[in-house]
Structure formats: structure tokens, C-alpha cells
Amino acid sequence: MTELFNRFLNRKDSSKDDAKARLKVLLIHDQVDLTPAQLDAMQEEITAVIQKYVEIDRENSVVRLERGDDRIALISSVPVRRVIERGLPA
Amino acid sequence: MSECIVVTSGKGGVGKTTCSANLGVSLALQGATVAVVDADIGLRNLDVILGLENRIVYDLVHVIEGECRLKQALIRDKRAEGLYLLPAAQTRDKNSVTPQQMRELINELKEEFDYVLVDCPAGIEQGFKNAVAGADRAIIVTTPEVSAIRDADRIIGMVEAAELPEPHLVINRYRSKMVRRGDMMNKEDILEILAIPLLGIVPDHEDIIISSNRGIPVVFDETSVVGEAFRRIGRRLHGEPNVPELDFSEGNGIWGTMKRWMGLAQGVA
């Protein structure tokens, strides 16, 4: 129903935004030469390391590559629930 | 000061050859001497777009292999004073030529002409390496599509690796109606991703097909909006970098209708 309403008002999602989003991901993969599976694995490992020190909200964690003007940056946003109350990991 | 400009894209079918032909004509119509070189050995097409296919006797490979002199292979375009075509060989392949041989050929052409425009083949292999070998700078042609822009990005990296200066971008087959309804990436979207300076935008237009049917580059047609887009790009190349972008956003409304009546916006997609 909402979709119908949006279509009527010509407010449907524009396909160019899809194009742009897909393109940005593609270009990162092309440049770093990592497959999406490798990127997922990297994200898993990074999160695992962080979890050794702090308790995090995994559901809302983001670790991704982003393209800036002349470099690719690893952007991560990891909400911390609390610091784990113990000494440094062995 | 003469200059060699390579027209390249990575992806095939985005309009490199059309762009090379029309910019060559546009520069010649402004009074410059121009050689357009078809570097797509084995799949020549620039001759057909220019309507000069029946006048080919010798080609680029004949020149490189010493079977004829450069002047014998150059075809003069009688419609535009100062414009010459060096056709590609049709029965050979890209490995018949080395980058060093191309460099020497381009240098010889630069002694005679103000501009040498090289129409690069699609792809990133030998043909690309040959086409950029003698170039002083590059024009990247793309269309507002994911695949074309992805390949353009790759080619920009390769142009930089070839130690050419920052290339300029031509966005071809722009459909302003689709852009307006959000179904095509707009100029800003594309420039944000590719991050190179814009040389110009060419609207998607049926005149291009008609002109290629006839072998008369659209830039000769003074009433064509797409011809005007190419003329402006040609002027930007030839010492007028600030020529304003063509406003082809019309299409709806009274003004658009009037322009259509006058034949200016006819067939703009």
C-alpha cells in the first residue's frame, strides 16, 4: 500500500542510487583485489580481536572499506557495551 | 605546439570512435590540422564513422612495416579542411605493432599536424598499450552505467600508470529525462566516483545513429543538439576551456516544446 502510494507520488527508490552504491562497492573490490568473502572474513577477525578487550554490540557493528578521494579507508563503527573486567588477554 | 590525445574507455561500445571522429572534425572546422588515427587494428571502424571507408589504400600497419610512406596512407577528408585519417589494418592483429613503433609514428604525425587523435581499442591489453604509447594526454569516454564507469575507473588508473597527466572525462549517452526521474546517474554522481575533470557531456540522441548510417559525423550538422555538444567539447580542447555546458535539460514544458519545434531538441532521449 505504501509502495503504491509512493509510486503515485513518484517517490519510489531511484535506480540510480542502486547503481551508485553497487559501483562504489565494485570499485573498492577492484582496487584492493579482495573478494567479498575475504572482506567478510577480515571483518570477522577484526571483530574477534576487539571482543577480546571489550564487549561489543555485534548487531550494530560495521567494518567496511570506503573510497575517499585518493585512498581507500577502513571505516569501522563498533558500539561498545562495556569493558571486559579482567586483565590483558594471555 | 602539437599534441597527441588518446580517446579511450576500457569498455567497448561507449562511443570512443564516434567521439574521436566528431572531435577530429570539430578541431579541423576550427582551423586546426588534425590526424585521426584508428588504433583498433583488426577491427577498424573510424573510417566508417567518418564515411571514408572507400578511400583506403594503405593502413597504419603498412606504414609501420615500411610498405608505404606515411603520406600515402593518410586519407584527406574533403569536407573538413586540414582533417586526415590514418586507418587501421583490418586483416592484422594488435600484436603486429609495438608501443615503440607507435611512438615513432605519432611523433612523425606530430611534426605535420596540430592535433593527433588516437582512437583506442576497447580492453586493457596490447591495443591499449600501443594507443597510449605516443599520447601526451587522454580523454576517457564513459556512459552513465555501472559497467562503463567501473571500466573507466580502471583505465584512469592505467593512464596514470603510463605517466600521462590527469585525463579528462566525456560522459556520453546522457539521458536527461532519466536523470531527472532518478533512473540514471547524473553528472555529479559520476564525477564524484571518477574524480577527474569533466570535458563535456553528450546527450543520447538518434542523430548519432543517423549520422553513422550516412558516414557524416554529426558535428557537421549545425542544427543538431548532439552536434553542438561535440562542437563545444572541441572548442574546450582548442583553447576555450570555459565554453559553457549545453543545456539539454529541456524536454518538458513550453520552452522544451518550442525548442523541439525548432528542431534543436529533436530526438533527445
# chains A, B, ... in the order shown; residues from 1 in each chain; ligands from 1
>>> interface_residues(of="chain A", to="chain B", cutoff="8 Å", atoms="only C-alpha atoms", output="compact mmCIF listing (two decimals) with N, CA and C atoms, in the first residue's frame")
# COMPACT_ATOMS: atom_id res chain seq x y z
N SER A 14 14.97 5.53 -6.39
CA SER A 14 15.50 5.72 -7.74
C SER A 14 16.59 4.69 -8.00
N SER A 15 16.60 4.16 -9.19
CA SER A 15 17.54 3.09 -9.52
C SER A 15 18.96 3.62 -9.60
N LYS A 16 19.12 4.93 -9.78
CA LYS A 16 20.48 5.45 -9.88
C LYS A 16 21.21 5.34 -8.54
N ASP A 17 20.46 5.38 -7.43
CA ASP A 17 21.11 5.21 -6.14
C ASP A 17 21.64 3.78 -5.99
N ALA A 19 22.61 2.00 -8.52
CA ALA A 19 23.77 1.96 -9.42
C ALA A 19 25.00 2.52 -8.71
N LYS A 20 24.81 3.64 -8.06
CA LYS A 20 25.94 4.31 -7.42
C LYS A 20 26.50 3.47 -6.27
N ARG A 22 26.25 0.18 -5.85
CA ARG A 22 26.91 -1.01 -6.38
C ARG A 22 28.28 -0.66 -6.94
N LEU A 23 28.31 0.46 -7.63
CA LEU A 23 29.57 0.89 -8.25
C LEU A 23 30.64 1.15 -7.20
N LYS A 24 30.24 1.79 -6.11
CA LYS A 24 31.23 2.11 -5.07
C LYS A 24 31.84 0.84 -4.49
N LEU A 26 31.96 -2.12 -5.98
CA LEU A 26 32.75 -2.74 -7.05
C LEU A 26 34.15 -2.14 -7.15
N LEU A 27 34.19 -0.82 -7.11
CA LEU A 27 35.48 -0.14 -7.30
C LEU A 27 36.43 -0.44 -6.16
N ASP A 69 38.93 10.36 -1.71
CA ASP A 69 39.40 10.98 -2.94
C ASP A 69 40.58 10.24 -3.56
>>> residues_around(residues="B:Ala88", least_positions_apart="3", cutoff="12 Å", atoms="only C-alpha atoms", output="ChimeraX atom specification")
/B:36-48,53,56-64,73-75,85,91-94,96-97,118-121,127,131
>>> atom_distance(atom1="atom CA of B:Ile139", atom2="atom CA of B:Leu27")
14.6 Å
>>> select_by_dssp(residues="stretch 101-195 of chain B", states="strand (DSSP E or B)", output="list in words")
Tyr115, Val116, Leu117, Val118, Asp119, Arg137, Ala138, Ile139, Ile140, Val141, Thr142, His168, Leu169, Val170, Ile171, Asn172, Arg173 and Tyr174 of chain B
>>> closest_residue(among="B:Gly12, B:Gly31, B:Gly200, B:Gly227", to="B:Pro244", atoms="only C-alpha atoms")
B:Gly200
>>> residues_around(residues="A:Lys52", least_positions_apart="2", cutoff="10 Å", atoms="only C-alpha atoms", output="PyMOL selection string")
chain A and resi 47-50+54-56+83-84+88-89
>>> closest_residue(among="B:Asn242, B:Ser9, B:Ser2, B:Ser176", to="B:Ala148", atoms="only C-alpha atoms")
B:Ser9
>>> residues_around(residues="A:Glu59", least_positions_apart="2", cutoff="10 Å", atoms="only C-alpha atoms", output="JSON list (two decimals) with C-alpha atoms, in the first residue's frame")
[["chain", "number", "residue", "atom", "x", "y", "z"],
["A", 56, "ILE", "CA", 30.51, -5.04, 21.79],
["A", 57, "ASP", "CA", 27.15, -4.79, 20.13],
["A", 61, "SER", "CA", 28.86, -3.13, 14.28],
["A", 62, "VAL", "CA", 30.11, -2.03, 10.91],
["A", 78, "VAL", "CA", 31.67, -0.71, 16.80],
["A", 79, "PRO", "CA", 29.37, 0.19, 19.71]]
>>> atom_distance(atom1="atom CA of A:Val32", atom2="atom CA of B:Gly10")
19.0 Å
>>> atom_distance(atom1="atom CA of B:Gly234", atom2="atom CA of B:Ala21")
11.0 Å
>>> select_by_dssp(residues="stretch 9-90 of chain A", states="alpha helix (DSSP H)", output="count of residues only")
36
>>> residues_around(residues="B:Glu163", least_positions_apart="6", cutoff="12 Å", atoms="only C-alpha atoms", output="list in words")
Val132, Ala133, Gly134, Ala135, Asp136, Arg137, Ala138, Ile156 and Gly157 of chain B
>>> write_last_selection(atoms="N, CA and C atoms", output="tab-separated table (two decimals), in the first residue's frame")
chain	number	residue	atom	x	y	z
B	132	VAL	N	48.24	4.29	-26.20
B	132	VAL	CA	48.69	5.34	-25.29
B	132	VAL	C	50.19	5.66	-25.45
B	133	ALA	N	50.88	4.81	-26.21
B	133	ALA	CA	52.35	4.92	-26.26
B	133	ALA	C	52.83	6.32	-26.66
B	134	GLY	N	52.20	6.90	-27.68
B	134	GLY	CA	52.70	8.20	-28.15
B	134	GLY	C	51.90	9.38	-27.63
B	135	ALA	N	50.95	9.12	-26.73
B	135	ALA	CA	50.00	10.17	-26.35
B	135	ALA	C	50.58	11.13	-25.32
B	136	ASP	N	50.15	12.39	-25.43
B	136	ASP	CA	50.52	13.40	-24.43
B	136	ASP	C	49.46	13.48	-23.33
B	137	ARG	N	48.24	13.16	-23.68
B	137	ARG	CA	47.17	13.13	-22.67
B	137	ARG	C	46.02	12.28	-23.17
B	138	ALA	N	45.05	12.05	-22.27
B	138	ALA	CA	43.96	11.13	-22.59
B	138	ALA	C	42.61	11.74	-22.32
B	156	ILE	N	41.50	4.88	-15.95
B	156	ILE	CA	42.11	6.08	-15.38
B	156	ILE	C	43.38	5.69	-14.64
B	157	GLY	N	43.31	4.60	-13.88
B	157	GLY	CA	44.49	4.10	-13.18
B	157	GLY	C	45.60	3.72	-14.14
>>> residues_around(residues="B:Met158", least_positions_apart="6", cutoff="10 Å", atoms="only C-alpha atoms", output="PDB file with N, CA and C atoms, in the first residue's frame")
ATOM      1  N   GLY B  10      38.219   1.710 -21.891  1.00  0.00           N
ATOM      2  CA  GLY B  10      38.166   0.395 -21.257  1.00  0.00           C
ATOM      3  C   GLY B  10      37.081  -0.443 -21.878  1.00  0.00           C
ATOM      4  N   ILE B 124      42.345  -3.690 -22.171  1.00  0.00           N
ATOM      5  CA  ILE B 124      43.486  -3.145 -21.446  1.00  0.00           C
ATOM      6  C   ILE B 124      44.788  -3.815 -21.867  1.00  0.00           C
ATOM      7  N   PHE B 128      45.632  -1.256 -26.124  1.00  0.00           N
ATOM      8  CA  PHE B 128      45.630  -0.075 -25.249  1.00  0.00           C
ATOM      9  C   PHE B 128      47.054   0.459 -25.089  1.00  0.00           C
ATOM     10  N   LYS B 129      47.983  -0.457 -24.851  1.00  0.00           N
ATOM     11  CA  LYS B 129      49.380  -0.038 -24.645  1.00  0.00           C
ATOM     12  C   LYS B 129      49.935   0.661 -25.883  1.00  0.00           C
ATOM     13  N   VAL B 132      48.245   4.292 -26.202  1.00  0.00           N
ATOM     14  CA  VAL B 132      48.692   5.344 -25.286  1.00  0.00           C
ATOM     15  C   VAL B 132      50.187   5.658 -25.449  1.00  0.00           C
ATOM     16  N   ALA B 152      35.984   2.599 -16.740  1.00  0.00           N
ATOM     17  CA  ALA B 152      36.627   3.914 -16.846  1.00  0.00           C
ATOM     18  C   ALA B 152      37.578   4.126 -15.671  1.00  0.00           C
ATOM     19  N   LEU B 164      50.846   9.573 -17.959  1.00  0.00           N
ATOM     20  CA  LEU B 164      50.208  10.686 -18.662  1.00  0.00           C
ATOM     21  C   LEU B 164      49.589  11.594 -17.602  1.00  0.00           C
TER      22      LEU B 164
END
